[in-house]
Amino acid sequence: MKRICIIIGLLTSLYIVRGQVGIDPRDYKFGEIPTTTEAEDQQFKDYQSATLKDCHLLYYNITKTEIELWELYHFAHKIYTQEGLEKFNSITYRNTDIKSFKNFGARIIRNNEVIKEYNLSHLTKVVNEEEDEDETTASYELKFTDLAIGDIIEYFRIGIRPRINESETYFLQEYVPCKNIDYTIVLPDQFKPHLQLYNADYPVLDTIISDKGLRYTTIHIPSLPVIPNEPLAHPSKYLARVEYILAYNYGSGSQRVNTTKGFVNGFYESSKLNDSDLIKVVKKHIIKRLKLNKKDPLEQKLRTIETMLKNELYGINGITQLRIYRYVLDHFKINYEVVLTTNKTKKTFDKNFNGTNFNEEVLLYFPEIDQYIAPEYYALRLGLTPAVLIGNEGLFLKKAKIGKTELFTYYYSTISVPKKERTKDNIVLSLDFSSDLKTLYGKIKREMSGYMVSFLQTNYDFFEVEDKEQLVDELMTLSSDGSLISDEKFTNTSPQDVGVNPFIGEGSISNSSWVKMEGDDIIILVGEMIGKQSKIESEKPRVLPVERNYLSSYKRSISIKLPQGYKVDDIDQYQVEVYDNDDPKKAKAVFTAHFKVENDVLKVESIEYYDQLYHDVEAFPLIARVVNSAAEFNELKVRLVKK
């Protein structure tokens with residue numbers, strides 16, 4: 001029975017795909033009016049809109065004299081809310097050469113009838129001062145008039161791309177329900193693209209039309225559900241998408257092109273600095289000025305090199321930066337490996353895709369100290385790998401020499417994750433009561449390091465007065481409107497401190513909103529003193545796994561001198577211990593708060609940390625329990641009673 005169902009499903013897919021096979025964008029028109037059922041409307045109504053058609057066609061038109069890439073986009077959207085109406089009241093094409101448009105059509109459909117139609121002449125040029133100076137491109141817009149909730153807007157655009165991409169990523173859905181999705185590449189039949197579908201399980205079908213000498217490589221997806229935007233997750237990476245690369249050329253035998261191996265073979269030279277004029281500049285303005293002591297530890301040498309290069313190369317394109325970094329490191333005989341990977345919030349690195357699609361981000365890896373430099377990330381330094389890359393796999397390129405030939409060999413590995421101690425946020429509060437018992441005043445010290453403050457440390461010297469005032473408000477008041485800060489000062493505010501020294505803010509603090517009187521009792525809002533914590537709401541069952549940006553730890557040490565004649569009421573009731581594991585020693589997420597009184601001083605120490613990037617979706621309630629316990633602690637009040 002199961003086998004019969006599979007065969008029927010495959011035949012159905014083949015039947016549907018025939019709608020794409022044979023399409024020629026040079027002679028394309030609207031088809032049947034897209035519709036929805038009552039059940040679909042009920043399902044879609046809570047979203048701004050739903051996509052009823054998403055067609056993308058790449059047509060490589062090869063003649064005796066030229067190669068043209070014709071491209072077709074065809075969309076239909078049904079509007080369900082006022083927000084959706086505002087989103088789709090116009091179509092804008094930015095930085096566009098209008099001469100590349102071969103055809104354009106749009107229409108508004110209401111109650112299964114076309115009420116308005118538009119063509120290429122309805123596109124109007126938009127005057128925009130920020131537009132590129134290239135006179136051949138501009139922004140063009142089509143405004144829909146009298147659009148109403150419940151309407152369907154449908155439009156297609158056919159144009160010629162300025163160049164042929166040998167590889168491409170294309171997302172097949174947005175954060176709305178989608179149906180009738182088609183993705184097709186049309187090539188002469190001697191070519192075959194290597195095409196992989198991610199986050200959806202549908203066949204990739206090849207169809208050859210012999211009399212035309214064309215190969216249609218097609219995916220059809222009848223419908224895709226919404227990907228929820230859940231906390232502690234990267235929903236974009238779970239959107240259905242295709243990756244393709246022109247991989248086989250049957251016209252010249254079975255030789256494969258654009259493979260990982262082929263790329264690596266050429267990347268050693270293409271990433272090497274060979275420009276003699278630029279080499280002279282690097283020697284004179286960088287290497288000559290770098291004063292490296294041979295006896296210095298490798299980490300110190302690398303920090304010196306990185307500081308200079310990030311100041312000198314800011315704004316220069318990535319491949320040129322890599323060439324200069326390689327040249328400088330080679331000059332000082334420092335062992336390194338080049339790492340290529342992807343932004344993990346957009347897509348997970350796939351080492352099984354035999355091509356170059358995932359070689360988007362560049363790192364330099366130093367195996368002796370297991371640390372990375374990210375040349376294009378100015379606000380990060382050695383030891384702080386970009387958070388969007390850590391924990392991801394990557395292509396590691398290692399220098400080798402065969403005879404006189406220098407080259408890269410390659411292997412796959414996982415990019416290491418900086419420990420939680422590298423990114424910390426520690427607060428020390430020492431408070432006393434005013435004589436009228438209406439205000440708490442004292443000293444505050446906040447130490448922050450790692451990913452939390454790398455941007456502040458690299459840009460602090462460029463801050464205006466108002467920026468520094470905002471910094472005081474955000475970091476020193478602990479998100480309490482009642483906090484007044486004075487005598488503030490900040491230390492470790494240079495790029496050289498990133499990943500080495502914590503950013504420290506110190507000052508005097510007073511707050512009258514942290515104290516309340518209830519008869520003869522004094523209520524201290526201790527929970528607010530750890531800073532505002534966010535709560536995770538989960539109204540629906542969790543779908544996506546938990547993925548933190550980075551590991552981190554938090555410590556709050558609060559000391560409050562008790563007023564004479566008062567004591568803490570039943571201190572044991574305030575103790576908090578929450579773990580993501582029944583065995584605290586194995587916990588990877590923790591929130592604790594311990595209270596004690598010593599010499600008439602109330603001492604509170606709160607510890608919170610997250611020591612694991614990834615958790616299965618089943619573990620979400622445990623992680624949420626820890627996160628929410630910190631948020632609930634914000635509401636904690638300590639009662640002081642008379643002795």
# chains A, B, ... in the order shown; residues from 1 in each chain; ligands from 1
>>> select_by_dssp(residues="stretch 448-543 of chain A", states="alpha helix (DSSP H)", output="PyMOL selection string")
chain A and resi 454-459+465-475
>>> residues_around(residues="A:Ile208", least_positions_apart="3", cutoff="12 Å", atoms="only C-alpha atoms", output="PDB file with N, CA and C atoms, in the first residue's frame")
ATOM      1  N   ARG A  18       4.627  19.465 -15.354  1.00  0.00           N
ATOM      2  CA  ARG A  18       4.514  19.720 -16.788  1.00  0.00           C
ATOM      3  C   ARG A  18       4.083  21.157 -17.067  1.00  0.00           C
ATOM      4  N   VAL A  21       7.464  22.721 -17.539  1.00  0.00           N
ATOM      5  CA  VAL A  21       8.203  22.227 -18.689  1.00  0.00           C
ATOM      6  C   VAL A  21       7.577  22.751 -19.975  1.00  0.00           C
ATOM      7  N   GLY A  22       8.408  23.303 -20.813  1.00  0.00           N
ATOM      8  CA  GLY A  22       7.916  23.862 -22.070  1.00  0.00           C
ATOM      9  C   GLY A  22       7.689  25.358 -22.019  1.00  0.00           C
ATOM     10  N   ILE A 185      15.121  25.686 -14.049  1.00  0.00           N
ATOM     11  CA  ILE A 185      16.273  26.149 -14.824  1.00  0.00           C
ATOM     12  C   ILE A 185      16.224  25.452 -16.175  1.00  0.00           C
ATOM     13  N   VAL A 186      16.295  26.231 -17.230  1.00  0.00           N
ATOM     14  CA  VAL A 186      16.259  25.678 -18.584  1.00  0.00           C
ATOM     15  C   VAL A 186      17.626  25.873 -19.233  1.00  0.00           C
ATOM     16  N   LEU A 187      18.223  24.757 -19.665  1.00  0.00           N
ATOM     17  CA  LEU A 187      19.551  24.778 -20.269  1.00  0.00           C
ATOM     18  C   LEU A 187      19.562  23.945 -21.547  1.00  0.00           C
ATOM     19  N   PRO A 188      20.518  24.197 -22.428  1.00  0.00           N
ATOM     20  CA  PRO A 188      20.719  23.248 -23.523  1.00  0.00           C
ATOM     21  C   PRO A 188      20.957  21.861 -22.939  1.00  0.00           C
ATOM     22  N   ASP A 189      20.478  20.825 -23.598  1.00  0.00           N
ATOM     23  CA  ASP A 189      20.420  19.507 -22.972  1.00  0.00           C
ATOM     24  C   ASP A 189      21.777  18.896 -22.652  1.00  0.00           C
ATOM     25  N   GLN A 190      22.884  19.472 -23.182  1.00  0.00           N
ATOM     26  CA  GLN A 190      24.185  18.911 -22.823  1.00  0.00           C
ATOM     27  C   GLN A 190      24.675  19.405 -21.460  1.00  0.00           C
ATOM     28  N   PHE A 191      23.971  20.386 -20.877  1.00  0.00           N
ATOM     29  CA  PHE A 191      24.308  20.887 -19.541  1.00  0.00           C
ATOM     30  C   PHE A 191      23.343  20.314 -18.512  1.00  0.00           C
ATOM     31  N   LYS A 192      23.852  20.139 -17.305  1.00  0.00           N
ATOM     32  CA  LYS A 192      22.990  19.712 -16.218  1.00  0.00           C
ATOM     33  C   LYS A 192      23.387  20.454 -14.947  1.00  0.00           C
ATOM     34  N   LEU A 205      13.305  17.174 -10.705  1.00  0.00           N
ATOM     35  CA  LEU A 205      13.032  16.408 -11.925  1.00  0.00           C
ATOM     36  C   LEU A 205      13.737  17.018 -13.130  1.00  0.00           C
ATOM     37  N   ASP A 211      13.255  17.716 -29.305  1.00  0.00           N
ATOM     38  CA  ASP A 211      13.167  18.497 -30.537  1.00  0.00           C
ATOM     39  C   ASP A 211      13.650  19.934 -30.338  1.00  0.00           C
ATOM     40  N   LYS A 212      13.685  20.397 -29.086  1.00  0.00           N
ATOM     41  CA  LYS A 212      14.212  21.737 -28.809  1.00  0.00           C
ATOM     42  C   LYS A 212      15.640  21.703 -28.270  1.00  0.00           C
ATOM     43  N   GLY A 213      16.108  20.505 -27.922  1.00  0.00           N
ATOM     44  CA  GLY A 213      17.455  20.389 -27.366  1.00  0.00           C
ATOM     45  C   GLY A 213      17.588  21.066 -26.018  1.00  0.00           C
ATOM     46  N   LEU A 214      16.518  21.040 -25.193  1.00  0.00           N
ATOM     47  CA  LEU A 214      16.512  21.739 -23.910  1.00  0.00           C
ATOM     48  C   LEU A 214      16.303  20.768 -22.753  1.00  0.00           C
ATOM     49  N   ARG A 215      16.931  21.079 -21.640  1.00  0.00           N
ATOM     50  CA  ARG A 215      16.754  20.335 -20.399  1.00  0.00           C
ATOM     51  C   ARG A 215      16.042  21.245 -19.397  1.00  0.00           C
ATOM     52  N   TYR A 216      14.925  20.784 -18.843  1.00  0.00           N
ATOM     53  CA  TYR A 216      14.185  21.497 -17.799  1.00  0.00           C
ATOM     54  C   TYR A 216      14.450  20.792 -16.463  1.00  0.00           C
ATOM     55  N   THR A 217      15.128  21.478 -15.571  1.00  0.00           N
ATOM     56  CA  THR A 217      15.340  20.968 -14.219  1.00  0.00           C
ATOM     57  C   THR A 217      14.386  21.717 -13.303  1.00  0.00           C
ATOM     58  N   THR A 218      13.451  20.989 -12.714  1.00  0.00           N
ATOM     59  CA  THR A 218      12.283  21.617 -12.097  1.00  0.00           C
ATOM     60  C   THR A 218      11.980  21.060 -10.713  1.00  0.00           C
TER      61      THR A 218
END
>>> residues_around(residues="A:Leu313", least_positions_apart="5", cutoff="12 Å", atoms="only C-alpha atoms", output="list of chain:residue names")
A:Val282, A:His285, A:Ile286, A:Ile305, A:Glu306, A:Thr307, A:Met308, A:Gly318, A:Ile319, A:Thr320, A:Gln321, A:Leu322, A:Arg323, A:Ile324, A:Tyr325, A:Pro375, A:Glu376, A:Tyr377, A:Tyr378
>>> closest_residue(among="A:Asn258, A:Thr385, A:Asn628, A:Asn111", to="A:Pro418", atoms="only C-alpha atoms")
A:Thr385
>>> select_by_dssp(residues="stretch 431-601 of chain A", states="strand (DSSP E or B)", output="ChimeraX atom specification")
/A:431-433,440-448,483-491,503-511,515-518,521-524,546-547,552-561,566-568,576-579,589-598,601
>>> closest_residue(among="A:Gln20, A:Tyr460, A:Lys532, A:Lys116", to="A:Glu474", atoms="only C-alpha atoms")
A:Lys532
>>> closest_residue(among="A:Lys445, A:Lys540, A:Lys99, A:Lys419", to="A:Arg161", atoms="only C-alpha atoms")
A:Lys99
>>> decode(residues="stretch 476-591 of chain A", atoms="C-alpha atoms", output="PDB file, in the first residue's frame")
ATOM      1  CA  MET A 476      24.055  51.928  34.537  1.00  0.00           C
ATOM      2  CA  THR A 477      20.407  52.583  35.441  1.00  0.00           C
ATOM      3  CA  LEU A 478      19.523  48.852  35.174  1.00  0.00           C
ATOM      4  CA  SER A 479      16.471  49.816  33.090  1.00  0.00           C
ATOM      5  CA  SER A 480      14.874  51.541  36.098  1.00  0.00           C
ATOM      6  CA  ASP A 481      13.298  54.948  35.518  1.00  0.00           C
ATOM      7  CA  GLY A 482      13.981  55.820  39.149  1.00  0.00           C
ATOM      8  CA  SER A 483      17.772  55.459  38.923  1.00  0.00           C
ATOM      9  CA  LEU A 484      19.957  58.574  39.029  1.00  0.00           C
ATOM     10  CA  ILE A 485      23.597  58.133  38.005  1.00  0.00           C
ATOM     11  CA  SER A 486      26.455  60.514  38.782  1.00  0.00           C
ATOM     12  CA  ASP A 487      30.267  60.524  38.728  1.00  0.00           C
ATOM     13  CA  GLU A 488      30.179  57.857  36.038  1.00  0.00           C
ATOM     14  CA  LYS A 489      33.328  56.743  34.273  1.00  0.00           C
ATOM     15  CA  PHE A 490      34.153  54.064  31.725  1.00  0.00           C
ATOM     16  CA  THR A 491      37.417  52.188  31.272  1.00  0.00           C
ATOM     17  CA  ASN A 492      38.791  49.683  28.729  1.00  0.00           C
ATOM     18  CA  THR A 493      37.174  51.553  25.870  1.00  0.00           C
ATOM     19  CA  SER A 494      39.533  50.840  22.971  1.00  0.00           C
ATOM     20  CA  PRO A 495      39.559  48.234  20.199  1.00  0.00           C
ATOM     21  CA  GLN A 496      42.661  46.682  21.774  1.00  0.00           C
ATOM     22  CA  ASP A 497      40.499  45.736  24.778  1.00  0.00           C
ATOM     23  CA  VAL A 498      38.079  43.616  22.734  1.00  0.00           C
ATOM     24  CA  GLY A 499      38.323  40.042  23.927  1.00  0.00           C
ATOM     25  CA  VAL A 500      41.083  40.982  26.387  1.00  0.00           C
ATOM     26  CA  ASN A 501      39.763  43.406  29.023  1.00  0.00           C
ATOM     27  CA  PRO A 502      36.156  43.910  30.129  1.00  0.00           C
ATOM     28  CA  PHE A 503      34.352  47.168  29.460  1.00  0.00           C
ATOM     29  CA  ILE A 504      33.870  48.691  32.926  1.00  0.00           C
ATOM     30  CA  GLY A 505      31.330  51.298  33.972  1.00  0.00           C
ATOM     31  CA  GLU A 506      31.400  52.746  37.497  1.00  0.00           C
ATOM     32  CA  GLY A 507      29.413  55.453  39.234  1.00  0.00           C
ATOM     33  CA  SER A 508      27.200  56.587  42.062  1.00  0.00           C
ATOM     34  CA  ILE A 509      23.572  55.510  41.990  1.00  0.00           C
ATOM     35  CA  SER A 510      20.417  56.458  43.863  1.00  0.00           C
ATOM     36  CA  ASN A 511      16.920  55.123  43.404  1.00  0.00           C
ATOM     37  CA  SER A 512      13.697  55.962  45.229  1.00  0.00           C
ATOM     38  CA  SER A 513      11.493  53.515  43.295  1.00  0.00           C
ATOM     39  CA  TRP A 514      13.291  50.481  44.746  1.00  0.00           C
ATOM     40  CA  VAL A 515      11.820  51.203  48.196  1.00  0.00           C
ATOM     41  CA  LYS A 516       8.139  51.027  49.239  1.00  0.00           C
ATOM     42  CA  MET A 517       6.516  51.379  52.667  1.00  0.00           C
ATOM     43  CA  GLU A 518       3.696  49.097  53.764  1.00  0.00           C
ATOM     44  CA  GLY A 519       2.726  50.182  57.247  1.00  0.00           C
ATOM     45  CA  ASP A 520       5.777  49.625  59.422  1.00  0.00           C
ATOM     46  CA  ASP A 521       7.336  47.236  56.869  1.00  0.00           C
ATOM     47  CA  ILE A 522       9.856  48.221  54.199  1.00  0.00           C
ATOM     48  CA  ILE A 523       9.617  46.553  50.775  1.00  0.00           C
ATOM     49  CA  ILE A 524      12.828  46.400  48.718  1.00  0.00           C
ATOM     50  CA  LEU A 525      12.386  45.684  44.991  1.00  0.00           C
ATOM     51  CA  VAL A 526      15.511  43.534  44.792  1.00  0.00           C
ATOM     52  CA  GLY A 527      14.356  41.827  41.604  1.00  0.00           C
ATOM     53  CA  GLU A 528      14.687  45.044  39.592  1.00  0.00           C
ATOM     54  CA  MET A 529      18.322  45.414  40.631  1.00  0.00           C
ATOM     55  CA  ILE A 530      19.542  42.667  38.264  1.00  0.00           C
ATOM     56  CA  GLY A 531      18.298  44.602  35.229  1.00  0.00           C
ATOM     57  CA  LYS A 532      15.255  43.946  33.097  1.00  0.00           C
ATOM     58  CA  GLN A 533      14.954  40.338  31.931  1.00  0.00           C
ATOM     59  CA  SER A 534      12.878  39.188  28.958  1.00  0.00           C
ATOM     60  CA  LYS A 535      10.324  36.427  29.272  1.00  0.00           C
ATOM     61  CA  ILE A 536       9.735  33.792  26.605  1.00  0.00           C
ATOM     62  CA  GLU A 537       6.069  33.479  25.702  1.00  0.00           C
ATOM     63  CA  SER A 538       5.039  30.169  24.132  1.00  0.00           C
ATOM     64  CA  GLU A 539       1.339  30.113  23.300  1.00  0.00           C
ATOM     65  CA  LYS A 540       1.744  27.370  20.696  1.00  0.00           C
ATOM     66  CA  PRO A 541       3.813  24.164  20.714  1.00  0.00           C
ATOM     67  CA  ARG A 542       7.445  24.818  19.860  1.00  0.00           C
ATOM     68  CA  VAL A 543       8.519  23.962  16.291  1.00  0.00           C
ATOM     69  CA  LEU A 544      12.143  25.072  15.930  1.00  0.00           C
ATOM     70  CA  PRO A 545      15.115  23.904  18.009  1.00  0.00           C
ATOM     71  CA  VAL A 546      16.815  26.304  20.415  1.00  0.00           C
ATOM     72  CA  GLU A 547      19.833  28.111  18.961  1.00  0.00           C
ATOM     73  CA  ARG A 548      21.587  30.746  21.037  1.00  0.00           C
ATOM     74  CA  ASN A 549      23.792  33.356  19.396  1.00  0.00           C
ATOM     75  CA  TYR A 550      26.681  32.699  21.780  1.00  0.00           C
ATOM     76  CA  LEU A 551      27.505  31.293  25.222  1.00  0.00           C
ATOM     77  CA  SER A 552      27.278  33.774  28.068  1.00  0.00           C
ATOM     78  CA  SER A 553      27.303  34.211  31.840  1.00  0.00           C
ATOM     79  CA  TYR A 554      25.825  36.783  34.239  1.00  0.00           C
ATOM     80  CA  LYS A 555      26.574  37.556  37.867  1.00  0.00           C
ATOM     81  CA  ARG A 556      24.795  40.042  40.147  1.00  0.00           C
ATOM     82  CA  SER A 557      26.253  40.840  43.557  1.00  0.00           C
ATOM     83  CA  ILE A 558      23.994  43.105  45.624  1.00  0.00           C
ATOM     84  CA  SER A 559      24.734  44.379  49.129  1.00  0.00           C
ATOM     85  CA  ILE A 560      22.149  46.441  51.041  1.00  0.00           C
ATOM     86  CA  LYS A 561      22.844  47.720  54.518  1.00  0.00           C
ATOM     87  CA  LEU A 562      19.722  47.149  56.583  1.00  0.00           C
ATOM     88  CA  PRO A 563      18.315  50.146  58.451  1.00  0.00           C
ATOM     89  CA  GLN A 564      18.678  50.038  62.199  1.00  0.00           C
ATOM     90  CA  GLY A 565      15.907  48.113  63.915  1.00  0.00           C
ATOM     91  CA  TYR A 566      14.916  46.040  60.825  1.00  0.00           C
ATOM     92  CA  LYS A 567      15.490  42.452  59.738  1.00  0.00           C
ATOM     93  CA  VAL A 568      14.650  40.353  56.669  1.00  0.00           C
ATOM     94  CA  ASP A 569      11.366  38.480  56.983  1.00  0.00           C
ATOM     95  CA  ASP A 570      11.937  34.712  56.471  1.00  0.00           C
ATOM     96  CA  ILE A 571      15.003  34.868  54.208  1.00  0.00           C
ATOM     97  CA  ASP A 572      14.675  31.218  53.095  1.00  0.00           C
ATOM     98  CA  GLN A 573      11.594  32.001  51.006  1.00  0.00           C
ATOM     99  CA  TYR A 574      13.637  34.089  48.581  1.00  0.00           C
ATOM    100  CA  GLN A 575      16.191  31.448  47.544  1.00  0.00           C
ATOM    101  CA  VAL A 576      16.045  30.472  43.851  1.00  0.00           C
ATOM    102  CA  GLU A 577      17.678  27.548  42.027  1.00  0.00           C
ATOM    103  CA  VAL A 578      16.559  26.633  38.503  1.00  0.00           C
ATOM    104  CA  TYR A 579      18.441  24.265  36.172  1.00  0.00           C
ATOM    105  CA  ASP A 580      17.799  22.684  32.791  1.00  0.00           C
ATOM    106  CA  ASN A 581      18.817  19.308  34.197  1.00  0.00           C
ATOM    107  CA  ASP A 582      17.736  17.282  37.222  1.00  0.00           C
ATOM    108  CA  ASP A 583      21.420  17.006  38.099  1.00  0.00           C
ATOM    109  CA  PRO A 584      22.781  20.548  38.695  1.00  0.00           C
ATOM    110  CA  LYS A 585      26.311  19.346  37.906  1.00  0.00           C
ATOM    111  CA  LYS A 586      25.219  18.521  34.346  1.00  0.00           C
ATOM    112  CA  ALA A 587      23.215  21.699  33.807  1.00  0.00           C
ATOM    113  CA  LYS A 588      23.933  23.801  30.710  1.00  0.00           C
ATOM    114  CA  ALA A 589      21.488  26.577  31.606  1.00  0.00           C
ATOM    115  CA  VAL A 590      21.231  27.923  35.138  1.00  0.00           C
ATOM    116  CA  PHE A 591      19.604  30.696  37.157  1.00  0.00           C
TER     117      PHE A 591
END
